[in-house]
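Heads up, the thing below is written out as structure tokens.
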Amino acid sequence: MLTDEARDLLEGGCALIIGLTKADGSPFATRGWGFDVEDPADTARVLVRAADLAALGVHVGDAPDVPIAVTAADVRTLASVQLKGRLARVTPSVEGDAERMDRYCDVFIDAIVEVDGIAREVGERWRHTDTVVRAWIRFEELFVQTPGPGAGASVAKVQG
């Protein structure tokens, strides 16, 4: 089960890195936006650039059931978690997803500007207008990734 802290982190405006594996076994990473945990809390959706998934041969309507890792880090505190599970399906974005992504980017970029002192326009480079899709994830395990002695520890197996 996701902890409340992990859920808050994942759904906030944190840095989200999505890790998958290409058909040849090589790693592939991209960014995600607008992570939302569903009920039951062993499933979530995250917005991902359609072009990134297409590069893996994954398209809207697919149910690839391939391993996926989502690493989330809070820019201000460096608190971080990693969820491991399966990419269950890919669906088109729906009304409201663009706004969800914008809100997510606003919080993320605000944090980068505040912490790193960079110009807002530099942070805006993370915002894009490419087509996004909904990647549906079924969680299997949650890990602590916050730097320190507990980094890498399994928090829990996620029970459906």
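Ordering of the structure tokens sets the chain letters (A, B, ...); residue numbers start at 1 within each chain; ligands are numbered from 1 in the order shown.
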>> Set the distance at 8 Å and use only C-alpha atoms: which residues neighbour range 40-56 of chain A once local chain neighbours fewer than 6 positions away are removed? I'd like the list as a PyMOL selection string.
In response: chain A and resi 1-2+22-23+30-34+93+97+101+130-140+158-160
Keeping C-alpha atoms for every residue in the selection just given, could you write it to a file as a PDB file, in the first residue's frame?
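The new file result_14.pdb reads:
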ATOM      1  CA  MET A   1       0.000   0.000   0.000  1.00  0.00           C
ATOM      2  CA  LEU A   2       1.233   3.481  -0.764  1.00  0.00           C
ATOM      3  CA  LYS A  22      13.398  -1.285 -24.976  1.00  0.00           C
ATOM      4  CA  ALA A  23      12.749  -4.490 -26.928  1.00  0.00           C
ATOM      5  CA  THR A  30      11.481   9.826 -20.004  1.00  0.00           C
ATOM      6  CA  ARG A  31       9.652  12.383 -17.908  1.00  0.00           C
ATOM      7  CA  GLY A  32       6.129  12.089 -16.611  1.00  0.00           C
ATOM      8  CA  TRP A  33       3.614  14.730 -15.535  1.00  0.00           C
ATOM      9  CA  GLY A  34       0.412  14.758 -13.554  1.00  0.00           C
ATOM     10  CA  SER A  93      -5.518  11.887 -22.963  1.00  0.00           C
ATOM     11  CA  ASP A  97      -5.333  16.381 -18.839  1.00  0.00           C
ATOM     12  CA  MET A 101      -0.139  18.826 -16.780  1.00  0.00           C
ATOM     13  CA  ASP A 130       3.574  17.589 -27.532  1.00  0.00           C
ATOM     14  CA  THR A 131       0.724  15.103 -27.509  1.00  0.00           C
ATOM     15  CA  VAL A 132       0.527  13.202 -24.245  1.00  0.00           C
ATOM     16  CA  VAL A 133      -1.156   9.916 -23.436  1.00  0.00           C
ATOM     17  CA  ARG A 134      -2.223   8.296 -20.206  1.00  0.00           C
ATOM     18  CA  ALA A 135       0.088   5.509 -19.083  1.00  0.00           C
ATOM     19  CA  TRP A 136      -1.687   3.266 -16.568  1.00  0.00           C
ATOM     20  CA  ILE A 137       0.568   1.624 -14.019  1.00  0.00           C
ATOM     21  CA  ARG A 138      -0.134  -1.284 -11.710  1.00  0.00           C
ATOM     22  CA  PHE A 139       2.188  -0.993  -8.665  1.00  0.00           C
ATOM     23  CA  GLU A 140       4.031  -3.919  -7.196  1.00  0.00           C
ATOM     24  CA  VAL A 158       1.743  -3.088  -2.885  1.00  0.00           C
ATOM     25  CA  GLN A 159      -1.358  -5.165  -2.316  1.00  0.00           C
ATOM     26  CA  GLY A 160      -4.263  -4.879  -4.746  1.00  0.00           C
TER      27      GLY A 160
END
>> Report as an MDAnalysis selection string all protein, DNA and RNA residues lying within 6 Å of Phe28 in chain A, evaluated on only C-alpha atoms, omitting residues in the same chain fewer than 6 positions from it.
In response: chainID A and resid 19:21
Can I get the selected residues back with C-alpha atoms, as a PDB file, in the first residue's frame?
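As written to disk, part.pdb reads:
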ATOM      1  CA  GLY A  19      11.960   4.010 -16.617  1.00  0.00           C
ATOM      2  CA  LEU A  20      11.162   1.272 -19.128  1.00  0.00           C
ATOM      3  CA  THR A  21      13.097  -1.260 -21.189  1.00  0.00           C
TER       4      THR A  21
END
>> For the structure I just gave you, how does DSSP split chain A - specifically, which residues are alpha helix (DSSP H)? Reply as a ChimeraX atom specification.
In response: /A:4-11,50-55,97-116,120-123
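Note that the spacing between CA of Asp36 in chain A and CA of Glu11 in chain A amounts to 5.6 Å.
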> Can you tell me, as a ChimeraX atom specification, what residues are no more than 12 Å from Val155 in chain A when counting only C-alpha atoms, ignoring any on the same chain fewer than 4 positions away?
Replying inline: /A:1-3,5-6,81-84,140-145,150-151
>> One decimal, in Å: what's the spacing between CA of Val58 in chain A and CA of Arg89 in chain A?
In response: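 Pair CA of Val58 in chain A / CA of Arg89 in chain A returns 9.2 Å.
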Which neighbours of Asp65 in chain A fall inside 8 Å, counting only C-alpha atoms, when residues of the same chain fewer than 3 positions from it are skipped, and could you give them as a compact mmCIF listing (two decimals) with C-alpha atoms, in the first residue's frame?
# COMPACT_ATOMS: atom_id res chain seq x y z
CA ARG A 86 3.82 -2.96 -14.78
CA LEU A 87 2.73 -0.66 -17.58
CA ALA A 88 -0.78 -2.04 -17.82
CA ARG A 89 -2.27 0.01 -20.66
> Out of chain A, which residues get strand (DSSP E) from DSSP, as a PyMOL selection string?
Replying inline: chain A and resi 15-21+27-31+33-38+43-49+66-73+80-92+132-144+154-157
>> So that I can check the surroundings of range 104-117 of chain A, please list as an MDAnalysis selection string every protein, DNA and RNA residue that reaches within 7 Å of it, counting only C-alpha atoms and ignoring chain neighbours fewer than 5 positions away.
In response: chainID A and resid 12:15 33:34 75:76 123:124 127
> For Ser80 in chain A, which residue among A:Thr146, A:Ala153, A:Glu38, A:Pro67 is the nearest when counting only C-alpha atoms?
Replying inline: A:Thr146
> Between CA of Val70 in chain A and CA of Gly152 in chain A, what is the spacing in Å?
Replying inline: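 Straight-line distance from CA of Gly152 in chain A to CA of Val70 in chain A works out to 13.6 Å.
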> Restricting the calculation to only C-alpha atoms, which member of A:Ala73, A:Leu78, A:Val122, A:Ala63 is positioned closest to Val90 in chain A?
Replying inline: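 Nearest candidate to Val90 in chain A out of A:Ala73, A:Leu78, A:Val122, A:Ala63: A:Ala63.
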